[in-house]
Structure formats: C-alpha cells, structure tokens
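K.L.:
Structure incoming, see below.
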Amino acid sequence: MAEVTVQGVSRYFGPTVALEDVSIRFADGGFYGLLGPSGSGKTTLLRLIAGFDFADTGHIAIAGEAMEDRPVEKREIGMVFQNYALFPNMSVFDNVAFGLSVRGVARGELRRRVGEALELVQLTGLDRRRPQQLSGGQRQRVALARALVTRPRVLLLDEPLSALDKALRSEMQIELKRIQRDVAITTIFVTHDQEEALTLSDRIGILKDGRLVQEGAPHEVYERPETVFTARFLGDANILSGRVRDGGIELADGTRVTSERSPGADGSAVTCAVRAEKILLQADEPGAAGDANALSARVQRHIFAGNSLTYLIDWGGETLKVFVQNRSGEVIPEGTSVCLSWAPRDTVLVAP
Amino acid sequence: MTRRPRGLVRIGRLYMAGVLLFLYVPIFVMAAMSFNASRLYRLPIDWSVTWYVALAGNEKLIDAALNSVWVALVTTVLATVLGTAAALAFFRYSFPGKRVMQLLLFPPIAIPWLIIGTAMLVFFFWIGVGRGLHAIVLGHVALALPYVVVVVSARLRSFDPNLEDAARSLGATPWQATRRVTLPSIAPGLVAAGLFAFAVSFDQFVISYFLSAPGVTTLPVEIYTAIRKGFTPEINAASTIVIAVSMTLLMVVARFYRFGGER
C-alpha cells in the first residue's frame, strides 16, 4: 500500500500533447477515478505510472520512491487491462500464479496464495479452466485476482468494465468496490464512463486535452463544476450565458437569474450551468415562480425512458434539457408553454 | 446454393486432370519405377527393391544425404532463432528503416537462385569464406530467413501485445515475458517456420551446387552429378525417399500453418 504522486508530468508524442503539466496525489488506499473523453491523456497517465512509457518532464513516485529509472517489473504494481490480457496458453491457476512464479515463490505458498486470491474474487473451483472457457465476468475476476495476488502497492485499472454488458457491469462495480475495500489498496481507475467514475471513486480527476481540469470528491465535482466542459462531461447541464446586473445575471431574453455566489462586477459576461434534473417544469402559469429563477419557454419534444422523461425545451431558439421523474404518468404535450424554475444554489457559475 | 453451369464444371475437371497429369504423374511414375527391377522402365513392373539395396551400398549418395540432413538441421535452428528475433523486433518496435527492411525480405524469395548462388559464390570467395558445407549453411540460412520472418510475423499478428505488458506488470523481466508468454503463444508459428526452413534447405539445389567444395556436397547436388554420369534407377530410389521426406514435412507445415491462422 502506498501513496502515488505525479508531479508536473508532461508527455509529448511528436507534435501532439498527450499530457501537459499534470500533478495529482493519489491517496494511500484511495480509489481514484481518472475520467476524460478519449484522447484526453488518461490512459497515457496510467501507462506512465505503470512504467510502460516514460514522461518527458516531471516526476512520478510510489510510496515516496522515485520511479524514473525503474522498469515495470520492479514497480510492484497490479494492472487490469481493458481486454483483461489473460494468458491464453495457461489455466486460470497458472494465470493467477504467474506473478508469484516469476518471483520464485515456493510451491506451497504459491498454492495457498493463489487459492486465497481466487477466493477473494469468488472463483474457487475454476482453477483448471482456460481463459477461453470463461464468461466475460469470470475473466474480469481472474484478471483482478492475477493483479492482486502479488500484493502490489498500487492497482491500476484500464477501463476494466467497458467490455461487459450493462447488468454485469453494475454487478462488477459493486464487486470491485468490495474487493478494493477488503484489500485496502491504492487504486487508480481510468474510464470514460462518468457514471462508473462517480459510483466507484472516492476522488475523481477530469482530464481534457492532456490537462487536469478539475479534481475532487465525486459529489463535489458533480455539484460544483468549474468549467463548461466539466458540467457537460459529468451529467447533463444547461449552459446559460448573460451579463451581470445588480448582483444578478441578465440572460439574453432579459430574464434575471440569481446565484448563491456573487457573479462579479456589473456588466461583465458570465456563464452558468444548471443541471437538467434540478429544474422544475410546470405547465401552468408560465413566468410566476416567486423567489426562484424562472424562464418561460415551450416544450419542443420529449423522450420517454420509463422511469423518467427528458424534455427538450425551446427557449428563444436555444434547446434546454429537463429531466422529470415519471411520477404522474402524464406527458406535457409538445408546444405547451411552460415555466422552468430552479433554486439559486443550482445556478453554478462556470468558466467558459 | 446456385447451380454451377455444366460447361464450367467440365473446364474445371480438365484443368484438374492437367495438373495431375503434368505434376503428379511424373513423380508417381518415378516412384513406381524405383521399385521396378528393369533398368529400362519395362512394363509390366517387375516389383523389387533392388535399387534401394543398391542405394544402401552407394556411399557417395549416403554421405551426401547425411550432409543434407545436417545442413538442413543447422539451417533450421539458425534461421528459426534469427528469424523469430527479427519478427519480434518488427512486431514490438518502430524504428527508422523498419518499412524498408520489411520490404527487403521479399526480393530474395523472388530473385532466381542461380543469380543468388553466383553472387554468394563470388562474395564468399572474396571475403574468404570459400566453399564447403559451412558456406552452404550460410547460404541456406540467408535463404530461409525471409520465410521464417514472414511465417512468424503472420502468427504474431494474432498475438495481443497487452499480454507482454501484463506479464511485465506482474514482475516478469522482458526475457521472462518473451519466454513464458510470447513464445508459447506463437509456438505453432515457430514449428511451421522451422519446418519451412528445413524444407528450403533440404530441397535446395542451385546454391548448394555453387557453394559445394569438390567431393563434399548435399543430396540434390550428388543426384545431379550422378545423372550426368549416367542414369541409374538408384536415383529414382533416392529421389523417392527425398520426395517422401519433403512431402511429409510440408504436410506437417500445412497442418500447423492452418492452426496458426485459425487460432
């Protein structure tokens, strides 16, 4: 177990910037989710920590030890690959035993530890199987057991759940979290799936174009995005822009909205984000919602998803999104004039 | 399923008959005649193993055959090891000139052996390698190498490079990862490549002919020399054995090669 620190790391592939001055502290025993769209540099960062690649500038340390000159096999890491990368020429037992056997662990201890690892991932009894004879979920478990059996200091997960179907994926998420808690290992998890990152991690970092744009607890990052990118990438957000007037924000159509935080000097341009599920949608009495922020608009279209509905709202040519729980069983018809309202604390000021 | 037009079927059959007639019938006749006691190919065949007995007493041919096997085995080992190393390098790394080097693998397969043989003879003399079995081995290795690289590379195409990374992440050194993960995964390709190398060497005539020192040579060259002196059905017997060995090897290659493709 160990803390991992990444300090001012940059990596360039020719003229392309893969990572630019990234610094992150991965807490000992924590579950850190690195989140970003493809090409954001998250996998590059993971490969740098693993030692498959080397940073052009900056430092990487595991448990305070500099990793610059240390090859992969000396870093004491465990890694789970996107396609699991199980050795097809070996049985489940030999796959899990591999890390111990290259370390020259004695036969008796090797057997015992492989047994424990398989028990941890609940695969006892499948030791003689070949990877090809296992289901996706079972392969995932073997990959996890194989990565953990050597008692690494860090566990690196490269989109480990992306190859599973939805039902299995949520089952494995719970399983992964349980195992990570049991072993209490520093875990770095790369994903492009925002829901997965929010569910699993106790801290997330959002990468964009090789830079770390925001970092924090999942709840914090979700509720208080700092940029338009983060607001849009994590969940669904409506982006509104306007100008500051008398401590409030005047939108393009003259509507005044307020935020908890002061938006800045009068006359300056501001952008704010309002999450789609924070908005209250009312069909009656448009434009009368008292203290709250309110917009008058018109229903453009709705998307029915069973337990919830997504309304696309036409607000002076812009399309806004509103999520509504399907409590009433009724649908507001297209073309209806509606009032959108939300609390001032849900108007989040963001950098454009 | 669509019905095949009758005319096409007929052409197809004719074509097949042609292949069998011109390719396999001569071989078959030769094999049959090696069991005919008559020196003059007289029919009906007078079945006997006379020529095989005679062959067993022909020390020159037997020495040449042993030389051939020895040269082929050494070639197989060297070409497979070197060729696999080259294929792994092509697979793992990108480096300047890689594309050119890969392209340069193919011409030796296409250049006439006569030309390669002449070039080697002159060059080997010039640098002091000279002639003899060692020169033949050198020539054969050079000749077999492209085949090995191509066969092993084909096998590597279905090998997941993540497997090597996974092995490294589990504490294996690069050599351990290669030996315990990569090589076992591509083993069928290695066997096929080795058999290819053996066949290339064992069947090689032109280069062996050019690089032989007087009196010490390989079986194909010895057979040719014997024919020039005067044909005896002993040669039929020797050739039949060579064909049997080559065919068996190629059948095994075909089997492993297919496995490699399917996976």
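All residue names refer to the structure tokens as shown: chains lettered A, B, ... in order, residues numbered from 1 in each chain, ligands numbered from 1 in order.
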Need to verify the contact set: Leu176 (chain A), 12 Å, only C-alpha atoms, exclusion of same-chain residues closer than 5 positions in sequence. Can you return it as a PyMOL selection string?
P.N.:
chain A and resi 31+80+120-122+137+140-141+143-145+148+155+157+160-161+168-171+181-185+187+189+196+199-201
K.L.:
Please write the residues from the selection above to a file, keeping N, CA and C atoms, as an mmCIF file, in the first residue's frame.
P.N.:
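Saved the output as again.cif:
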data_model
loop_
_atom_site.group_PDB
_atom_site.id
_atom_site.type_symbol
_atom_site.label_atom_id
_atom_site.label_comp_id
_atom_site.auth_asym_id
_atom_site.auth_seq_id
_atom_site.Cartn_x
_atom_site.Cartn_y
_atom_site.Cartn_z
ATOM 1 N N PHE A 31 -9.531 5.276 -3.845
ATOM 2 C CA PHE A 31 -9.996 4.808 -5.159
ATOM 3 C C PHE A 31 -10.162 6.058 -6.014
ATOM 4 N N VAL A 80 -5.016 -4.214 -14.403
ATOM 5 C CA VAL A 80 -6.068 -4.935 -15.120
ATOM 6 C C VAL A 80 -6.298 -4.207 -16.435
ATOM 7 N N LEU A 120 -10.989 -14.605 -2.995
ATOM 8 C CA LEU A 120 -11.309 -13.178 -2.908
ATOM 9 C C LEU A 120 -12.240 -12.752 -4.049
ATOM 10 N N VAL A 121 -11.977 -13.288 -5.244
ATOM 11 C CA VAL A 121 -12.811 -12.895 -6.383
ATOM 12 C C VAL A 121 -13.930 -13.914 -6.640
ATOM 13 N N GLN A 122 -14.093 -14.838 -5.702
ATOM 14 C CA GLN A 122 -15.162 -15.850 -5.765
ATOM 15 C C GLN A 122 -15.114 -16.706 -7.016
ATOM 16 N N GLY A 137 -17.448 -11.881 -17.233
ATOM 17 C CA GLY A 137 -17.345 -11.517 -15.824
ATOM 18 C C GLY A 137 -16.298 -12.339 -15.099
ATOM 19 N N GLN A 140 -12.823 -11.190 -16.017
ATOM 20 C CA GLN A 140 -12.577 -9.979 -15.266
ATOM 21 C C GLN A 140 -12.069 -10.308 -13.855
ATOM 22 N N ARG A 141 -12.707 -11.287 -13.233
ATOM 23 C CA ARG A 141 -12.313 -11.689 -11.877
ATOM 24 C C ARG A 141 -10.928 -12.324 -11.867
ATOM 25 N N ALA A 143 -8.550 -11.679 -13.965
ATOM 26 C CA ALA A 143 -7.596 -10.591 -14.187
ATOM 27 C C ALA A 143 -7.334 -9.845 -12.881
ATOM 28 N N LEU A 144 -8.381 -9.662 -12.095
ATOM 29 C CA LEU A 144 -8.265 -8.968 -10.822
ATOM 30 C C LEU A 144 -7.452 -9.797 -9.822
ATOM 31 N N ALA A 145 -7.754 -11.093 -9.765
ATOM 32 C CA ALA A 145 -7.027 -11.982 -8.848
ATOM 33 C C ALA A 145 -5.553 -12.008 -9.222
ATOM 34 N N LEU A 148 -3.829 -8.896 -8.092
ATOM 35 C CA LEU A 148 -3.751 -8.651 -6.650
ATOM 36 C C LEU A 148 -2.895 -9.665 -5.903
ATOM 37 N N LEU A 155 -2.944 -0.567 -7.533
ATOM 38 C CA LEU A 155 -3.730 -1.306 -8.514
ATOM 39 C C LEU A 155 -4.160 -0.337 -9.612
ATOM 40 N N LEU A 157 -6.297 0.197 -13.070
ATOM 41 C CA LEU A 157 -7.396 -0.394 -13.835
ATOM 42 C C LEU A 157 -7.630 0.428 -15.093
ATOM 43 N N PRO A 160 -11.650 -1.335 -17.021
ATOM 44 C CA PRO A 160 -11.783 -2.781 -16.874
ATOM 45 C C PRO A 160 -13.199 -3.287 -17.109
ATOM 46 N N LEU A 161 -14.184 -2.390 -17.040
ATOM 47 C CA LEU A 161 -15.560 -2.874 -17.134
ATOM 48 C C LEU A 161 -16.195 -2.600 -18.481
ATOM 49 N N LEU A 168 -24.080 -6.921 -16.021
ATOM 50 C CA LEU A 168 -22.867 -7.485 -15.444
ATOM 51 C C LEU A 168 -21.960 -6.371 -14.936
ATOM 52 N N ARG A 169 -21.996 -5.277 -15.646
ATOM 53 C CA ARG A 169 -21.131 -4.172 -15.302
ATOM 54 C C ARG A 169 -21.472 -3.622 -13.917
ATOM 55 N N SER A 170 -22.777 -3.437 -13.648
ATOM 56 C CA SER A 170 -23.118 -2.870 -12.344
ATOM 57 C C SER A 170 -22.837 -3.885 -11.240
ATOM 58 N N GLU A 171 -22.959 -5.174 -11.557
ATOM 59 C CA GLU A 171 -22.622 -6.205 -10.575
ATOM 60 C C GLU A 171 -21.117 -6.151 -10.269
ATOM 61 N N ARG A 181 -11.968 -2.430 -1.081
ATOM 62 C CA ARG A 181 -12.043 -2.114 0.351
ATOM 63 C C ARG A 181 -11.392 -3.207 1.173
ATOM 64 N N ASP A 182 -11.669 -4.457 0.800
ATOM 65 C CA ASP A 182 -11.088 -5.608 1.520
ATOM 66 C C ASP A 182 -9.568 -5.526 1.535
ATOM 67 N N VAL A 183 -8.999 -5.237 0.367
ATOM 68 C CA VAL A 183 -7.552 -5.243 0.240
ATOM 69 C C VAL A 183 -6.949 -3.902 0.645
ATOM 70 N N ALA A 184 -7.785 -2.878 0.680
ATOM 71 C CA ALA A 184 -7.359 -1.520 1.026
ATOM 72 C C ALA A 184 -6.135 -1.093 0.227
ATOM 73 N N ILE A 185 -6.244 -1.203 -1.086
ATOM 74 C CA ILE A 185 -5.105 -0.883 -1.943
ATOM 75 C C ILE A 185 -5.354 0.427 -2.685
ATOM 76 N N THR A 187 -5.888 2.584 -5.535
ATOM 77 C CA THR A 187 -6.383 2.160 -6.840
ATOM 78 C C THR A 187 -6.553 3.362 -7.761
ATOM 79 N N PHE A 189 -8.077 4.309 -11.450
ATOM 80 C CA PHE A 189 -9.060 3.725 -12.335
ATOM 81 C C PHE A 189 -9.308 4.671 -13.506
ATOM 82 N N GLU A 196 -19.807 5.454 -13.995
ATOM 83 C CA GLU A 196 -18.936 4.485 -13.351
ATOM 84 C C GLU A 196 -17.933 5.188 -12.429
ATOM 85 N N THR A 199 -19.716 6.407 -9.330
ATOM 86 C CA THR A 199 -20.125 5.316 -8.459
ATOM 87 C C THR A 199 -18.952 4.748 -7.664
ATOM 88 N N LEU A 200 -17.820 4.527 -8.351
ATOM 89 C CA LEU A 200 -16.731 3.777 -7.740
ATOM 90 C C LEU A 200 -15.753 4.623 -6.941
ATOM 91 N N SER A 201 -15.456 5.791 -7.451
ATOM 92 C CA SER A 201 -14.312 6.529 -6.910
ATOM 93 C C SER A 201 -14.652 7.272 -5.626
#
K.L.:
Pick out the chain B residues within 9 Å of chain A. Count only C-alpha atoms. Give them as a compact mmCIF listing (two decimals) with C-alpha atoms, in the first residue's frame.
P.N.:
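New file selection_24.txt:
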# COMPACT_ATOMS: atom_id res chain seq x y z
CA ASP B 160 -2.12 -9.44 -28.23
CA PRO B 161 0.77 -7.15 -27.23
CA ASN B 162 -1.07 -6.43 -24.00
CA LEU B 163 -0.09 -9.94 -22.91
CA GLU B 164 3.56 -8.91 -22.73
CA ASP B 165 2.62 -5.76 -20.83
CA ALA B 166 0.53 -7.86 -18.45
CA ALA B 167 3.47 -10.19 -17.83
CA ARG B 168 5.76 -7.23 -17.17
CA SER B 169 3.25 -5.67 -14.77
CA LEU B 170 3.26 -8.96 -12.85
CA GLY B 171 7.00 -8.75 -12.33
CA ALA B 172 8.40 -10.58 -15.35
CA THR B 173 11.57 -9.24 -16.97
CA PRO B 174 11.38 -8.68 -20.73
CA GLN B 176 10.78 -13.86 -18.91
CA VAL B 181 4.14 -15.76 -22.64
CA PRO B 184 4.41 -20.35 -26.11
CA SER B 185 1.63 -18.31 -27.72
K.L.:
Would you mind reading off the distance between CA of Met67 (chain A) and CA of Ala27 (chain A), one decimal, in Å?
P.N.:
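Going from CA of Met67 (chain A) over to CA of Ala27 (chain A) covers 17.0 Å.
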K.L.:
List the spatial neighbours of region 250-253 of chain A as a list of chain:residue names - criterion: any atom at most 10 Å away, only C-alpha atoms, same-chain residues fewer than 2 positions off excluded.
P.N.:
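Returned residues: A:Leu240, A:Ser241, A:Gly242, A:Arg243, A:Val244, A:Arg245, A:Asp246, A:Gly247, A:Gly248, A:Thr255, A:Arg256, A:Val257, A:Thr258, A:Gly267, A:Ala269, A:Val270, A:Thr271, A:Leu295, A:Ser296, A:Trp315, A:Gly316.
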K.L.:
Please provide as a PyMOL selection string all residues within 12 Å of Asn293 (chain A), with the sequence filter that same-chain residues fewer than 2 positions apart are discarded (counting only C-alpha atoms).
P.N.:
chain A and resi 248-251+255-260+274+278-281+287-291+295-296+339-347
K.L.:
Next, write the just-selected residues to a file, as a JSON list (two decimals), in the first residue's frame, keeping N, CA and C atoms as the atom set.
P.N.:
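Once everything was written out, this is again_6.json:
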[["chain", "number", "residue", "atom", "x", "y", "z"],
["A", 248, "GLY", "N", -27.11, 40.17, -9.99],
["A", 248, "GLY", "CA", -27.76, 39.01, -10.60],
["A", 248, "GLY", "C", -27.25, 38.84, -12.02],
["A", 249, "ILE", "N", -27.83, 37.87, -12.76],
["A", 249, "ILE", "CA", -27.39, 37.65, -14.13],
["A", 249, "ILE", "C", -28.56, 37.90, -15.05],
["A", 250, "GLU", "N", -28.34, 38.76, -16.04],
["A", 250, "GLU", "CA", -29.40, 39.02, -17.00],
["A", 250, "GLU", "C", -29.12, 38.21, -18.26],
["A", 251, "LEU", "N", -30.05, 37.32, -18.58],
["A", 251, "LEU", "CA", -29.86, 36.47, -19.76],
["A", 251, "LEU", "C", -30.25, 37.20, -21.04],
["A", 255, "THR", "N", -34.42, 37.80, -18.99],
["A", 255, "THR", "CA", -34.75, 37.10, -17.74],
["A", 255, "THR", "C", -33.60, 37.28, -16.75],
["A", 256, "ARG", "N", -33.97, 37.46, -15.48],
["A", 256, "ARG", "CA", -32.95, 37.65, -14.45],
["A", 256, "ARG", "C", -32.84, 36.38, -13.62],
["A", 257, "VAL", "N", -31.63, 35.88, -13.49],
["A", 257, "VAL", "CA", -31.44, 34.71, -12.62],
["A", 257, "VAL", "C", -30.40, 35.06, -11.56],
["A", 258, "THR", "N", -30.49, 34.36, -10.44],
["A", 258, "THR", "CA", -29.55, 34.64, -9.36],
["A", 258, "THR", "C", -28.80, 33.37, -8.99],
["A", 259, "SER", "N", -27.65, 33.64, -8.39],
["A", 259, "SER", "CA", -26.80, 32.53, -7.98],
["A", 259, "SER", "C", -26.41, 32.77, -6.54],
["A", 260, "GLU", "N", -25.97, 31.75, -5.85],
["A", 260, "GLU", "CA", -25.55, 31.92, -4.45],
["A", 260, "GLU", "C", -24.30, 32.76, -4.36],
["A", 274, "VAL", "N", -26.84, 24.90, -15.30],
["A", 274, "VAL", "CA", -27.95, 24.43, -14.47],
["A", 274, "VAL", "C", -28.21, 22.97, -14.85],
["A", 278, "LYS", "N", -32.29, 19.48, -11.90],
["A", 278, "LYS", "CA", -32.57, 20.44, -10.82],
["A", 278, "LYS", "C", -33.71, 21.38, -11.20],
["A", 279, "ILE", "N", -34.11, 21.29, -12.46],
["A", 279, "ILE", "CA", -35.11, 22.23, -12.95],
["A", 279, "ILE", "C", -36.52, 21.68, -12.73],
["A", 280, "LEU", "N", -37.38, 22.56, -12.21],
["A", 280, "LEU", "CA", -38.79, 22.17, -12.03],
["A", 280, "LEU", "C", -39.56, 22.64, -13.26],
["A", 281, "LEU", "N", -40.32, 21.75, -13.83],
["A", 281, "LEU", "CA", -41.05, 22.06, -15.05],
["A", 281, "LEU", "C", -42.54, 22.16, -14.72],
["A", 287, "GLY", "N", -44.08, 31.81, -15.96],
["A", 287, "GLY", "CA", -43.46, 33.06, -15.54],
["A", 287, "GLY", "C", -43.83, 33.54, -14.15],
["A", 288, "ALA", "N", -44.40, 32.71, -13.30],
["A", 288, "ALA", "CA", -44.72, 33.16, -11.95],
["A", 288, "ALA", "C", -44.23, 32.15, -10.92],
["A", 289, "ALA", "N", -42.99, 32.30, -10.49],
["A", 289, "ALA", "CA", -42.45, 31.32, -9.55],
["A", 289, "ALA", "C", -41.79, 31.99, -8.36],
["A", 290, "GLY", "N", -42.19, 33.18, -8.08],
["A", 290, "GLY", "CA", -41.73, 33.86, -6.88],
["A", 290, "GLY", "C", -40.24, 34.11, -6.83],
["A", 291, "ASP", "N", -39.61, 33.59, -5.80],
["A", 291, "ASP", "CA", -38.23, 33.88, -5.50],
["A", 291, "ASP", "C", -37.25, 33.20, -6.46],
["A", 295, "LEU", "N", -37.79, 30.73, -16.08],
["A", 295, "LEU", "CA", -37.75, 31.02, -17.51],
["A", 295, "LEU", "C", -39.06, 30.63, -18.13],
["A", 296, "SER", "N", -39.51, 31.40, -19.11],
["A", 296, "SER", "CA", -40.69, 30.98, -19.86],
["A", 296, "SER", "C", -40.23, 30.38, -21.17],
["A", 339, "CYS", "N", -43.11, 26.80, -17.55],
["A", 339, "CYS", "CA", -42.22, 27.62, -16.74],
["A", 339, "CYS", "C", -41.13, 26.74, -16.15],
["A", 340, "LEU", "N", -39.88, 27.11, -16.36],
["A", 340, "LEU", "CA", -38.74, 26.37, -15.81],
["A", 340, "LEU", "C", -38.21, 27.15, -14.61],
["A", 341, "SER", "N", -38.11, 26.47, -13.47],
["A", 341, "SER", "CA", -37.59, 27.20, -12.30],
["A", 341, "SER", "C", -36.62, 26.34, -11.52],
["A", 342, "TRP", "N", -35.71, 27.01, -10.83],
["A", 342, "TRP", "CA", -34.72, 26.30, -10.01],
["A", 342, "TRP", "C", -34.21, 27.21, -8.91],
["A", 343, "ALA", "N", -33.61, 26.62, -7.92],
["A", 343, "ALA", "CA", -33.12, 27.38, -6.77],
["A", 343, "ALA", "C", -31.83, 28.10, -7.12],
["A", 344, "PRO", "N", -31.56, 29.24, -6.48],
["A", 344, "PRO", "CA", -30.33, 30.00, -6.77],
["A", 344, "PRO", "C", -29.06, 29.16, -6.57],
["A", 345, "ARG", "N", -29.07, 28.21, -5.60],
["A", 345, "ARG", "CA", -27.84, 27.43, -5.36],
["A", 345, "ARG", "C", -27.54, 26.50, -6.53],
["A", 346, "ASP", "N", -28.55, 26.28, -7.40],
["A", 346, "ASP", "CA", -28.32, 25.40, -8.54],
["A", 346, "ASP", "C", -27.85, 26.16, -9.78],
["A", 347, "THR", "N", -27.75, 27.47, -9.67],
["A", 347, "THR", "CA", -27.12, 28.24, -10.74],
["A", 347, "THR", "C", -25.62, 28.23, -10.46]]
